[in-house]
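Everything on this sheet refers to the single structure shown next.
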Amino acid sequence: MSAAKGSEPYVSSASLLETAKRYLTRTKSQELLIRCATLIFIYLLAFCIRLFSVLRYESVIHEFDPYFNYRSTIKLVQDGFYEFWNWFDADSWHPLGRVVGGTVYPGLMFTAAILYKISNFLTACIKLRDICVFTAPFFAGNTALIAYLFGKELKDAETGLVAAALMAIVPGYISRSVAGSFDNEAVAIFALLSTFYLWVRAVNLGTVAAGVLAAFAYLYMAASWGAYVFISNLIPLYVIVMFVAGRYSRRLYVAYTTFWAVGSLLAMQVRFIGFNHVLSNELLAFNGVFLGLQLWEALMFLRTKLGSRQFKKLLYLAASGAAGLAGVALAGLLLSGKLNPWTGRFWTLLDPTYAKKFIPIVASVSEHQPTTWASYIFDLHLLVFAAPAGLYFCFKKPTDGCIFLITFALTSIYFSGIMVRLMLVAAPAFVLLSAIAISSTLQSAARELRAPSAAAAAGGADAAADSAAGGRKRVAARRAGGGSDEVPLSSQPLPNVGLMALVTLGLMSYAGHCIWVTSEAYSSPSIVLISGWGPHRHVLDDFREAYYWLRHNTAPDAKIMSWWDYGYQIAAMGNRNVIVDNNTWNNTHIATVGRAMASNETEAYKIMRMLDVDYALVIFGGMSGYSSDDINKFLWMVRIGGGVFPVIKESDYLANGDYTVSSRGTQTMLNSLMYKLSYYDFGNIMTEQGKGPGFDRVRQYEIGNKNPQLEHLYEAFTSEHWIVRIYRVKDLENRF
Amino acid sequence: MRQAVYLFAALLAVAGSVAADSIKLQQVDRKINLNSQFARITETVKAKNVGEQPVSELILCQQLNAGAVLSFYKVVDATSKSELSASPKVVEGAPADAVCHSVKLTLAAGDVATVTVNAVLAKAQVPFPAEVTQQDPQLMLYKDNVYVLSPYQVSAQTTEVVTPTSNIKSYTEEKPVSKTDKKIKYGKYDLIKPWTTKQLSVHFENGKSFKHMLTYVKEIEVSHWGNIYVEEKYEIKNAGAQHSGSFSRLKYAHAYNGKGNSFRDLRAVLPASAHSLYYVDLIGNISSSNVRKTLSSTVLELELRYPLMGGWKVDFTIGYSVPLTGFLTRTPAGKRRLSMDLSTPFEDVFVEDAIIKVVLPEGASGIEAILPYDMEKSFETKFTYLDTTGRPVLVLHRRNLASPEHSAKFSVDYSFGAVHTLREPLLLITVFFGLFVAIIAYNRMEFTITRDEKWAAARDREVLATYMEQLQALLEDELTALSNLTRLAGSLKESAHVDSAARERAAGEKRVKDLEDRVKPLLAAVESRSARVAGQVRDVLERSRGLQARVGKLLAERVEMVKKGAAVSEINRKLAPSQEAVAAARRELEGAISTVFGAY
């Protein structure tokens, strides 16, 4: 420094234009520009591809669960944090109510509320509904950026870029994050990937600060989605794998210990988790591995202090002592009931057939069905083929990060096979593996292509290898100079060009497929139905019509009985009390509703009086051809109802093992409340040309009982296309 | 004393009635039109001053049955067609359910004046029976006074009641009375004393829809950047006979009279330039509307979310934008004048409670409203996009508006400096400037707590990087100077230019020399940090010198040949190898610079 002291720093005399030109011709800045521009485009792409639903339909909240989240966010924004925290929702699960504050993952609502507050502070005046609608696309962009960072952490910036691009449009993720899909998953995948990225970073750095950062990401995940348990089992599993593989290091110890301590404390702040985080069996591995690590470190410490004979003695004593202590502790915890047993959720995830046998309510949801191969191709396309290649590359050069990725990928692929829904968790794993595969392939192909020219300018390349000139060139040069362990496949340009063309073709078809899937399959809000195209477009807006009717034309404290699928929507859009909703926390209550729907009218009336029901609501598709209606779900109602109340027998509703509402249908079926409510007034309508009256357009046959009469209920409202039918439950008749 | 006060009061009252007595109504023709949800009453009144004193007011009264409201009241002089001011007044002796107006009218003794009264009564038709099922007709009961309610003696009068259908269940038969198809004629009645009442009641079928806007909030937001946003929020109710029993969609869709008294369509007439229309409610778009553009207007035909049976309610919001042209003008006094429609654009509706908010841009002052009828005025402040002090909002409130009687334009005058329109862009510029400054400042600060070896090494690297950057700039400048010299060589063609070229060459070489001098301290600084890097830099410097030498050689040769007077083509041909050598050296130097300095 002393040499330069006194002399002025040199300021270039070049003109502005000249300076700009010089800047732009430098490799380093060119690389930076390309990278930033690519990332910005990826971000925009991730956001924009999710807007199909807004453009084609409108800015509206989709489906079922998002309506609850939306309603909660409204509550949070209007009444404030403490009111939300202590929210007892008397409007649902009548007459039980629901402790929402303590049974909800509030991450999503807080996120939306904070975004709303920020936008208000900046006087951007965005409506809360729009904030909620666009939260998912916004977070999809963020997820793509995290994928970039993760890829960079795992391998290099190029892999990061590929990962970001793949992540931005992978259909498995888009399915849960289109605009309007205001669901936990929308922010949770971001949280999940952030946690994993920060965890790998913490393992690579081995600092407390990095571990704490990962723990905060874990808090966000724990506050957002129940799948936080996946993280807190995967990370211990990873530690065990590392241990077994002999890659256990001090860095890993620091990262895990910090993560465990801070992460546990933070996650316990979420009311729904609380002490479960310590006591639950689901997190046994998380806590157990921590204890195991401490023990191991203590032993290592003692070994350095003691002689080997003494250490053996001590080891023997400690092992038997620990085993005894653990047994006593386990027995104590089990007896005192502190240690919760393994829940059905856990078993469902480990055993694909568990739900079908024991929990019909879980099995009744379509997204809980096992995944088919078709849906792998549909949701992942190219990634299905690229990911195994990625695994190969990971195994070939196993770094700590790659081993984590392998663990993550293998477990999540297994889970995704059990439930369609968990495809969402597998998607990032597929993306990262594929990114490694694709970028490695492209890099080696590019290297081979460059090799002849590099050899020609050997002098320059050597200098480059020495001084590490930035970016692609640097990497290529380094590989060319130092990567002598890899035998070139071929130094001929043709195979390499072919390879690159193949990858490009694959990526292009991937992009095309993703856009097509998004536009065709994942962009329907399912609250508004559109049939036809162009001038023949016909909007079926029956759900909102009926819910809005409820909101304005029933008593404010009216109780609506419907199947649980519609509970959240009725509460949010109709603003009325519901008996059961999508939270499904009380199986008996749902079974009671199922029983009412499955019973004959007189029996059902008793149940409805008991539940204080004012209106009964059914979804009916026979008129419009809307196939996911209540008659098609009816068998599940029977099963769930029958699971608790044995009076309801599935066989009574099946005609020779056949589920039908035609004239072949059983009397129990044709007399059930559900049948009557669905087909009241329907028997004499001609729905399709050339078919008899009362022709059901979903089932494609004429119904059995064409003139069902109602005694204790009367039709209160039916929407324009008969999709939603609402019946008023009559009061008891006067005695005098 | 107290008695004296009472006496005085009594005298005053008598004086009032004396004034009343001095007027006689010679002829009153009244027409009650029930062919809508309103009762629209038109009276032609011929009044004569029979006293000795001139009178200055005419009292006109209307009976209102329970629940009815007088929504609109207008008195016009029949001869001059000018509107006369009418104000509500409590008149001694009037029945409790009467509403009287004092009309300002100067009538000299013996004079006769003819005025026309237009009154609109809402909620005057009462459904009877109050509840109907889906297929029943809607029957209405209208009650009024058979005679024109008046504080004056009425010499002759007739009344005509018009009903929407010929289905009249019953009507008061006060002779002489006659009924034809949809009309009932009462009178003529002669010499009716003041305040004579006799109930008139008509029970008839009215299939018209009773569209009541329970609340109506209109917000007009002016932006001087070229747009006026209008948003209207409605809560609408079918105020006809209450629907009872079940609602059958089958009957609604298929039966001949299955729609009952329900309605679903509304029609609004918006300004022709209206664009960006929307029709939504709390839960999203309502996908059933149609817009037709004509030259004079934009017609918005919308369907409610569901048909409103009697007593059913729903709410919705419509919104649109219009450009400033035609709506925002300047008054002669230099103020801005905003002229818009005051009431609802919907046809044939009754608005129970109307609030009109005019949001003016930030910085507007001296706000005055010019209204076609009385409204409550108040002010509030609204914060929207990028507001700092908030926008002034003029809030107008009035109950019981009838459409189309209350459809009228209103104006708001206000002062506004054009500079205020720049507020928001300036704010944005300031904020972003501040942001950049903050980031620049942050980048130049150091937040490290511990200064260990790692820190020192990083710091060293940083310092080295700054020297390298300077060196690179220096070398690139040198490169520029050298390419200038090369270009000079290329442009030298005639011997006459040799001298000036020599001068330029000297200047250029001096510049290169200066730059060379400045390299030394920087190189020494780099040397002290990393000998390896210094070696690389030296290598680059070597190449730079090589280039210098080649350029110098090229120049010298060129000068030589030009002096000799060789032809340009020959010079170029002979010097081509030197040229190429220079270009190659240059490329080499550039490559070396980018490899050595690229990492910093």
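Residues in the structure tokens are numbered from 1 in each chain, the chains being A, B, ... in the order shown, and ligands are numbered from 1 in the order shown.
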
Taking 4 positions as the minimum chain separation for residues in the same chain, which residues sit within 7 Å of Gly621 (chain A) when counting only C-alpha atoms? Answer as a ChimeraX atom specification. /A:625-627,629,698,723

With N, CA and C atoms retained, export the selected residues as a PDB file, in the first residue's frame.
```
ATOM      1  N   GLY A 625     -74.285 -32.013 -17.018  1.00  0.00           N
ATOM      2  CA  GLY A 625     -73.200 -32.911 -17.382  1.00  0.00           C
ATOM      3  C   GLY A 625     -71.936 -32.659 -16.574  1.00  0.00           C
ATOM      4  N   TYR A 626     -72.065 -32.010 -15.438  1.00  0.00           N
ATOM      5  CA  TYR A 626     -70.911 -31.754 -14.558  1.00  0.00           C
ATOM      6  C   TYR A 626     -70.660 -33.020 -13.734  1.00  0.00           C
ATOM      7  N   SER A 627     -69.529 -33.662 -13.982  1.00  0.00           N
ATOM      8  CA  SER A 627     -69.413 -35.039 -13.504  1.00  0.00           C
ATOM      9  C   SER A 627     -68.977 -35.183 -12.060  1.00  0.00           C
ATOM     10  N   ASP A 629     -70.146 -34.479  -9.262  1.00  0.00           N
ATOM     11  CA  ASP A 629     -71.253 -34.049  -8.412  1.00  0.00           C
ATOM     12  C   ASP A 629     -71.438 -35.017  -7.244  1.00  0.00           C
ATOM     13  N   VAL A 698     -74.839 -37.167 -16.772  1.00  0.00           N
ATOM     14  CA  VAL A 698     -73.541 -37.655 -16.282  1.00  0.00           C
ATOM     15  C   VAL A 698     -73.527 -39.174 -16.303  1.00  0.00           C
ATOM     16  N   ILE A 723     -76.767 -26.963 -11.077  1.00  0.00           N
ATOM     17  CA  ILE A 723     -75.604 -27.606 -10.460  1.00  0.00           C
ATOM     18  C   ILE A 723     -75.701 -27.552  -8.943  1.00  0.00           C
TER      19      ILE A 723
END
```

What residues in chain B have any atom no more than 9 Å from chain A when counting only C-alpha atoms, and can you write them as a tab-separated table (two decimals) with N, CA, C and O atoms, in the first residue's frame?
```
chain	number	residue	atom	x	y	z
B	245	GLY	N	-92.79	-19.68	0.16
B	245	GLY	CA	-92.81	-21.06	-0.29
B	245	GLY	C	-91.56	-21.39	-1.08
B	245	GLY	O	-90.54	-20.71	-0.97
B	246	SER	N	-91.63	-22.44	-1.88
B	246	SER	CA	-90.41	-22.90	-2.53
B	246	SER	C	-90.16	-22.12	-3.82
B	246	SER	O	-91.08	-21.58	-4.43
B	247	PHE	N	-88.90	-22.11	-4.20
B	247	PHE	CA	-88.52	-21.54	-5.48
B	247	PHE	C	-88.21	-22.70	-6.40
B	247	PHE	O	-87.26	-23.44	-6.17
B	248	SER	N	-89.03	-22.85	-7.41
B	248	SER	CA	-88.81	-23.98	-8.30
B	248	SER	C	-88.13	-23.51	-9.57
B	248	SER	O	-88.66	-22.70	-10.32
B	249	ARG	N	-86.92	-24.03	-9.78
B	249	ARG	CA	-86.19	-23.64	-10.99
B	249	ARG	C	-86.91	-24.18	-12.22
B	249	ARG	O	-86.90	-23.54	-13.27
B	250	LEU	N	-87.55	-25.32	-12.04
B	250	LEU	CA	-88.28	-25.91	-13.17
B	250	LEU	C	-89.39	-24.97	-13.62
B	250	LEU	O	-89.51	-24.65	-14.81
B	253	ALA	N	-88.08	-21.74	-15.17
B	253	ALA	CA	-87.57	-21.84	-16.53
B	253	ALA	C	-88.65	-22.22	-17.53
B	253	ALA	O	-88.60	-21.79	-18.68
B	282	LEU	N	-68.52	-9.15	-4.59
B	282	LEU	CA	-67.49	-9.51	-3.62
B	282	LEU	C	-66.71	-10.76	-4.00
B	282	LEU	O	-65.56	-10.92	-3.63
B	283	ILE	N	-67.34	-11.67	-4.74
B	283	ILE	CA	-66.67	-12.94	-5.00
B	283	ILE	C	-66.24	-13.07	-6.45
B	283	ILE	O	-65.96	-14.16	-6.91
B	284	GLY	N	-66.19	-11.97	-7.17
B	284	GLY	CA	-65.61	-12.04	-8.51
B	284	GLY	C	-66.54	-11.50	-9.58
B	284	GLY	O	-67.54	-10.86	-9.29
B	285	ASN	N	-66.14	-11.76	-10.82
B	285	ASN	CA	-66.92	-11.27	-11.95
B	285	ASN	C	-68.31	-11.90	-11.98
B	285	ASN	O	-68.49	-13.03	-11.56
B	286	ILE	N	-69.22	-11.17	-12.55
B	286	ILE	CA	-70.53	-11.75	-12.81
B	286	ILE	C	-70.60	-11.88	-14.32
B	286	ILE	O	-70.59	-10.89	-15.05
B	287	SER	N	-70.60	-13.13	-14.77
B	287	SER	CA	-70.36	-13.34	-16.20
B	287	SER	C	-71.64	-13.25	-17.02
B	287	SER	O	-71.96	-14.14	-17.76
B	288	SER	N	-72.39	-12.21	-16.86
B	288	SER	CA	-73.62	-12.11	-17.63
B	288	SER	C	-73.94	-10.64	-17.87
B	288	SER	O	-74.73	-10.05	-17.19
B	305	ARG	N	-76.72	-11.79	-10.51
B	305	ARG	CA	-76.21	-13.15	-10.33
B	305	ARG	C	-77.32	-14.19	-10.36
B	305	ARG	O	-77.13	-15.28	-10.85
B	306	TYR	N	-78.44	-13.85	-9.80
B	306	TYR	CA	-79.57	-14.78	-9.81
B	306	TYR	C	-80.83	-13.91	-9.90
B	306	TYR	O	-80.80	-12.73	-9.54
B	311	GLY	N	-88.50	-9.77	-2.32
B	311	GLY	CA	-87.81	-9.74	-1.04
B	311	GLY	C	-86.36	-10.18	-1.11
B	311	GLY	O	-85.62	-10.00	-0.15
B	312	TRP	N	-85.92	-10.73	-2.24
B	312	TRP	CA	-84.53	-11.16	-2.34
B	312	TRP	C	-83.62	-9.96	-2.61
B	312	TRP	O	-84.04	-8.98	-3.21
B	313	LYS	N	-82.38	-10.13	-2.18
B	313	LYS	CA	-81.42	-9.05	-2.33
B	313	LYS	C	-80.15	-9.55	-3.01
B	313	LYS	O	-79.85	-10.73	-3.00
B	314	VAL	N	-79.39	-8.63	-3.51
B	314	VAL	CA	-78.06	-8.97	-3.99
B	314	VAL	C	-77.27	-7.67	-4.08
B	314	VAL	O	-77.87	-6.58	-4.05
B	315	ASP	N	-75.97	-7.77	-4.14
B	315	ASP	CA	-75.20	-6.53	-4.34
B	315	ASP	C	-74.26	-6.71	-5.52
B	315	ASP	O	-73.98	-7.83	-5.95
B	383	PHE	N	-56.65	8.29	0.57
B	383	PHE	CA	-55.28	7.99	0.15
B	383	PHE	C	-55.31	6.86	-0.86
B	383	PHE	O	-55.77	5.78	-0.55
B	384	THR	N	-54.86	7.12	-2.06
B	384	THR	CA	-54.69	6.02	-3.01
B	384	THR	C	-53.28	6.09	-3.58
B	384	THR	O	-52.38	6.56	-2.90
B	385	TYR	N	-53.16	5.67	-4.81
B	385	TYR	CA	-51.84	5.51	-5.42
B	385	TYR	C	-50.90	6.69	-5.17
B	385	TYR	O	-51.19	7.81	-5.57
B	386	LEU	N	-49.79	6.41	-4.52
B	386	LEU	CA	-48.70	7.36	-4.36
B	386	LEU	C	-49.12	8.69	-3.75
B	386	LEU	O	-48.61	9.73	-4.11
B	387	ASP	N	-50.10	8.66	-2.86
B	387	ASP	CA	-50.54	9.92	-2.24
B	387	ASP	C	-49.70	10.23	-1.02
B	387	ASP	O	-49.29	9.35	-0.28
B	463	VAL	N	-7.93	-4.77	-2.44
B	463	VAL	CA	-7.02	-3.68	-2.79
B	463	VAL	C	-6.31	-4.02	-4.10
B	463	VAL	O	-6.21	-3.19	-5.02
B	467	TYR	N	-6.15	-1.97	-7.78
B	467	TYR	CA	-4.97	-1.64	-8.58
B	467	TYR	C	-5.06	-2.25	-9.96
B	467	TYR	O	-4.73	-1.62	-10.96
B	470	GLN	N	-7.30	-0.29	-12.10
B	470	GLN	CA	-6.66	0.93	-12.60
B	470	GLN	C	-5.69	0.61	-13.72
B	470	GLN	O	-5.63	1.29	-14.75
B	471	LEU	N	-4.95	-0.47	-13.48
B	471	LEU	CA	-3.97	-0.87	-14.49
B	471	LEU	C	-4.66	-1.19	-15.81
B	471	LEU	O	-4.20	-0.80	-16.89
B	473	ALA	N	-7.54	-0.10	-16.87
B	473	ALA	CA	-8.01	1.13	-17.51
B	473	ALA	C	-6.86	1.82	-18.22
B	473	ALA	O	-6.99	2.29	-19.36
B	474	LEU	N	-5.73	1.83	-17.52
B	474	LEU	CA	-4.54	2.48	-18.06
B	474	LEU	C	-4.09	1.83	-19.37
B	474	LEU	O	-3.87	2.49	-20.39
B	476	GLU	N	-5.86	-0.01	-21.32
B	476	GLU	CA	-6.85	0.16	-22.36
B	476	GLU	C	-6.77	1.56	-22.96
B	476	GLU	O	-6.93	1.75	-24.17
B	477	ASP	N	-6.49	2.54	-22.09
B	477	ASP	CA	-6.28	3.89	-22.62
B	477	ASP	C	-5.10	3.91	-23.57
B	477	ASP	O	-5.12	4.55	-24.63
B	480	THR	N	-6.01	2.54	-26.78
B	480	THR	CA	-6.75	3.53	-27.57
B	480	THR	C	-5.79	4.52	-28.23
B	480	THR	O	-5.91	4.83	-29.42
B	518	ARG	N	2.90	6.26	-15.49
B	518	ARG	CA	1.93	6.06	-14.40
B	518	ARG	C	1.79	4.58	-14.03
B	518	ARG	O	1.26	4.27	-12.97
B	521	PRO	N	4.20	3.09	-10.47
B	521	PRO	CA	3.77	2.95	-9.05
B	521	PRO	C	2.69	1.88	-8.87
B	521	PRO	O	2.71	1.15	-7.88
B	522	LEU	N	1.79	1.79	-9.85
B	522	LEU	CA	0.73	0.81	-9.71
B	522	LEU	C	1.31	-0.61	-9.74
B	522	LEU	O	0.94	-1.47	-8.93
B	524	ALA	N	4.28	-1.45	-8.91
B	524	ALA	CA	5.00	-1.68	-7.65
B	524	ALA	C	4.02	-2.10	-6.57
B	524	ALA	O	4.28	-3.02	-5.78
B	525	ALA	N	2.85	-1.45	-6.55
B	525	ALA	CA	1.84	-1.79	-5.54
B	525	ALA	C	1.36	-3.22	-5.72
B	525	ALA	O	1.18	-3.97	-4.75
B	526	VAL	N	1.17	-3.60	-6.97
B	526	VAL	CA	0.73	-4.98	-7.25
B	526	VAL	C	1.83	-5.94	-6.83
B	526	VAL	O	1.57	-6.96	-6.18
B	528	SER	N	3.99	-5.69	-4.54
B	528	SER	CA	4.08	-5.87	-3.09
B	528	SER	C	3.02	-6.84	-2.59
B	528	SER	O	3.10	-7.33	-1.47
B	529	ARG	N	1.99	-7.08	-3.39
B	529	ARG	CA	0.94	-7.99	-2.92
B	529	ARG	C	1.05	-9.38	-3.52
B	529	ARG	O	0.81	-10.37	-2.85
B	533	VAL	N	1.03	-12.23	-9.88
B	533	VAL	CA	0.19	-11.35	-10.67
B	533	VAL	C	1.03	-10.27	-11.33
B	533	VAL	O	0.84	-9.92	-12.50
B	591	GLY	N	-6.14	-9.84	-25.99
B	591	GLY	CA	-6.37	-11.16	-25.38
B	591	GLY	C	-5.68	-11.26	-24.03
B	591	GLY	O	-6.29	-11.71	-23.05
B	592	ALA	N	-4.44	-10.79	-23.99
B	592	ALA	CA	-3.69	-10.87	-22.74
B	592	ALA	C	-4.36	-10.04	-21.66
B	592	ALA	O	-4.49	-10.47	-20.50
B	594	SER	N	-7.51	-9.29	-21.40
B	594	SER	CA	-8.75	-9.90	-20.90
B	594	SER	C	-8.45	-11.13	-20.07
B	594	SER	O	-9.17	-11.41	-19.12
B	595	THR	N	-7.38	-11.87	-20.37
B	595	THR	CA	-7.09	-13.05	-19.54
B	595	THR	C	-6.54	-12.62	-18.19
B	595	THR	O	-6.95	-13.15	-17.16
B	596	VAL	N	-5.62	-11.67	-18.20
B	596	VAL	CA	-4.97	-11.31	-16.94
B	596	VAL	C	-5.92	-10.53	-16.04
B	596	VAL	O	-6.02	-10.79	-14.85
B	597	PHE	N	-6.63	-9.60	-16.66
B	597	PHE	CA	-7.44	-8.72	-15.81
B	597	PHE	C	-8.89	-9.19	-15.67
B	597	PHE	O	-9.65	-8.63	-14.89
B	598	GLY	N	-9.25	-10.16	-16.48
B	598	GLY	CA	-10.65	-10.59	-16.48
B	598	GLY	C	-11.17	-11.00	-15.12
B	598	GLY	O	-12.35	-10.85	-14.82
B	599	ALA	N	-10.29	-11.54	-14.29
B	599	ALA	CA	-10.75	-12.06	-13.01
B	599	ALA	C	-11.05	-10.96	-12.00
B	599	ALA	O	-11.61	-11.23	-10.95
B	600	TYR	N	-10.65	-9.71	-12.30
B	600	TYR	CA	-10.83	-8.69	-11.27
B	600	TYR	C	-12.01	-7.77	-11.54
B	600	TYR	O	-12.36	-7.56	-12.67
```

Quick one: residues within 12 Å of Tyr278 (chain B), only C-alpha atoms counted, chain neighbours fewer than 5 positions away excluded, as a compact mmCIF listing (two decimals) with N, CA, C and O atoms, in the first residue's frame?
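Saved to around.txt:
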```txt
# COMPACT_ATOMS: atom_id res chain seq x y z
N GLU A 58 -60.73 -15.11 -14.74
CA GLU A 58 -60.69 -13.84 -14.04
C GLU A 58 -59.80 -13.98 -12.82
O GLU A 58 -59.36 -15.07 -12.50
N TYR B 229 -62.22 7.85 -13.26
CA TYR B 229 -62.69 6.51 -12.90
C TYR B 229 -64.02 6.66 -12.18
O TYR B 229 -64.15 7.49 -11.30
N VAL B 230 -64.97 5.86 -12.57
CA VAL B 230 -66.26 5.87 -11.89
C VAL B 230 -66.53 4.47 -11.39
O VAL B 230 -66.42 3.50 -12.13
N GLU B 231 -66.83 4.36 -10.14
CA GLU B 231 -67.21 3.05 -9.59
C GLU B 231 -68.50 3.21 -8.82
O GLU B 231 -68.64 4.13 -8.01
N GLU B 232 -69.45 2.33 -9.08
CA GLU B 232 -70.74 2.43 -8.41
C GLU B 232 -71.04 1.11 -7.71
O GLU B 232 -70.99 0.05 -8.30
N LYS B 233 -71.36 1.21 -6.43
CA LYS B 233 -71.69 0.01 -5.66
C LYS B 233 -73.16 0.04 -5.32
O LYS B 233 -73.67 1.06 -4.85
N GLY B 284 -66.19 -11.97 -7.17
CA GLY B 284 -65.61 -12.04 -8.51
C GLY B 284 -66.54 -11.50 -9.58
O GLY B 284 -67.54 -10.86 -9.29
N ASN B 285 -66.14 -11.76 -10.82
CA ASN B 285 -66.92 -11.27 -11.95
C ASN B 285 -68.31 -11.90 -11.98
O ASN B 285 -68.49 -13.03 -11.56
N ILE B 286 -69.22 -11.17 -12.55
CA ILE B 286 -70.53 -11.75 -12.81
C ILE B 286 -70.60 -11.88 -14.32
O ILE B 286 -70.59 -10.89 -15.05
N SER B 287 -70.60 -13.13 -14.77
CA SER B 287 -70.36 -13.34 -16.20
C SER B 287 -71.64 -13.25 -17.02
O SER B 287 -71.96 -14.14 -17.76
N SER B 288 -72.39 -12.21 -16.86
CA SER B 288 -73.62 -12.11 -17.63
C SER B 288 -73.94 -10.64 -17.87
O SER B 288 -74.73 -10.05 -17.19
N SER B 289 -73.28 -10.07 -18.85
CA SER B 289 -73.58 -8.67 -19.16
C SER B 289 -73.28 -8.43 -20.63
O SER B 289 -72.59 -9.20 -21.28
N ASN B 290 -73.79 -7.36 -21.11
CA ASN B 290 -73.69 -7.06 -22.52
C ASN B 290 -73.53 -5.55 -22.65
O ASN B 290 -74.19 -4.79 -21.96
N VAL B 291 -72.65 -5.13 -23.53
CA VAL B 291 -72.43 -3.69 -23.72
C VAL B 291 -72.69 -3.36 -25.17
O VAL B 291 -72.19 -4.03 -26.07
N LEU B 300 -75.29 -0.44 -21.07
CA LEU B 300 -74.83 -1.62 -20.33
C LEU B 300 -76.05 -2.41 -19.90
O LEU B 300 -76.88 -1.92 -19.14
N GLU B 301 -76.16 -3.62 -20.45
CA GLU B 301 -77.28 -4.47 -20.05
C GLU B 301 -76.73 -5.57 -19.19
O GLU B 301 -75.89 -6.35 -19.63
N LEU B 302 -77.14 -5.61 -17.96
CA LEU B 302 -76.58 -6.65 -17.12
C LEU B 302 -77.64 -7.49 -16.46
O LEU B 302 -78.77 -7.06 -16.25
N PHE B 316 -73.82 -5.63 -6.07
CA PHE B 316 -72.87 -5.69 -7.19
C PHE B 316 -72.17 -4.35 -7.34
O PHE B 316 -72.57 -3.36 -6.73
N THR B 317 -71.15 -4.36 -8.14
CA THR B 317 -70.38 -3.15 -8.39
C THR B 317 -70.17 -3.03 -9.89
O THR B 317 -69.82 -4.01 -10.53
N ILE B 318 -70.41 -1.86 -10.42
CA ILE B 318 -70.01 -1.63 -11.80
C ILE B 318 -68.99 -0.50 -11.82
O ILE B 318 -68.97 0.34 -10.91
N GLY B 319 -68.16 -0.50 -12.81
CA GLY B 319 -67.17 0.56 -12.89
C GLY B 319 -66.80 0.82 -14.34
O GLY B 319 -66.95 -0.05 -15.19
N TYR B 320 -66.36 2.03 -14.60
CA TYR B 320 -65.91 2.35 -15.94
C TYR B 320 -65.00 3.57 -15.88
O TYR B 320 -64.90 4.23 -14.85
N SER B 321 -64.36 3.85 -17.00
CA SER B 321 -63.50 5.04 -17.08
C SER B 321 -63.98 5.90 -18.23
O SER B 321 -64.46 5.38 -19.24
```

Hey, what's within 8 Å of Ala98 (chain B) if we count only C-alpha atoms and toss same-chain stuff fewer than 4 positions away? As a list in words, please?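 Answer for this query is Cys61, Gln62, Gln63, Leu64 and Ala94 of chain B.
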
Can those selected residues be exported to a file as a short mmCIF file (atom, residue, chain, number, x, y, z; two decimals), in the first residue's frame so that it contains all heavy atoms?
```
data_model
loop_
_atom_site.label_atom_id
_atom_site.label_comp_id
_atom_site.auth_asym_id
_atom_site.auth_seq_id
_atom_site.Cartn_x
_atom_site.Cartn_y
_atom_site.Cartn_z
N CYS B 61 -100.46 20.48 -1.14
CA CYS B 61 -100.27 19.34 -0.24
C CYS B 61 -100.49 18.02 -0.95
O CYS B 61 -101.18 17.95 -1.97
CB CYS B 61 -101.22 19.43 0.96
SG CYS B 61 -100.86 20.84 2.01
N GLN B 62 -99.90 17.00 -0.36
CA GLN B 62 -100.07 15.65 -0.89
C GLN B 62 -100.17 14.70 0.28
O GLN B 62 -99.40 14.79 1.24
CB GLN B 62 -98.87 15.29 -1.77
CG GLN B 62 -98.80 13.85 -2.21
CD GLN B 62 -100.00 13.46 -3.07
OE1 GLN B 62 -100.42 14.23 -3.95
NE2 GLN B 62 -100.60 12.31 -2.78
N GLN B 63 -101.13 13.83 0.20
CA GLN B 63 -101.27 12.86 1.28
C GLN B 63 -100.34 11.66 1.03
O GLN B 63 -100.21 11.18 -0.10
CB GLN B 63 -102.70 12.37 1.34
CG GLN B 63 -102.97 11.62 2.62
CD GLN B 63 -104.45 11.35 2.81
OE1 GLN B 63 -105.20 11.28 1.84
NE2 GLN B 63 -104.86 11.22 4.05
N LEU B 64 -99.69 11.21 2.08
CA LEU B 64 -98.79 10.04 1.97
C LEU B 64 -99.30 8.98 2.91
O LEU B 64 -99.46 9.24 4.10
CB LEU B 64 -97.37 10.41 2.40
CG LEU B 64 -96.61 11.40 1.53
CD1 LEU B 64 -95.23 11.63 2.14
CD2 LEU B 64 -96.46 10.85 0.14
N ALA B 94 -103.45 20.70 8.75
CA ALA B 94 -103.27 19.63 7.79
C ALA B 94 -103.31 18.28 8.50
O ALA B 94 -102.88 18.19 9.64
CB ALA B 94 -101.94 19.80 7.07
#
```
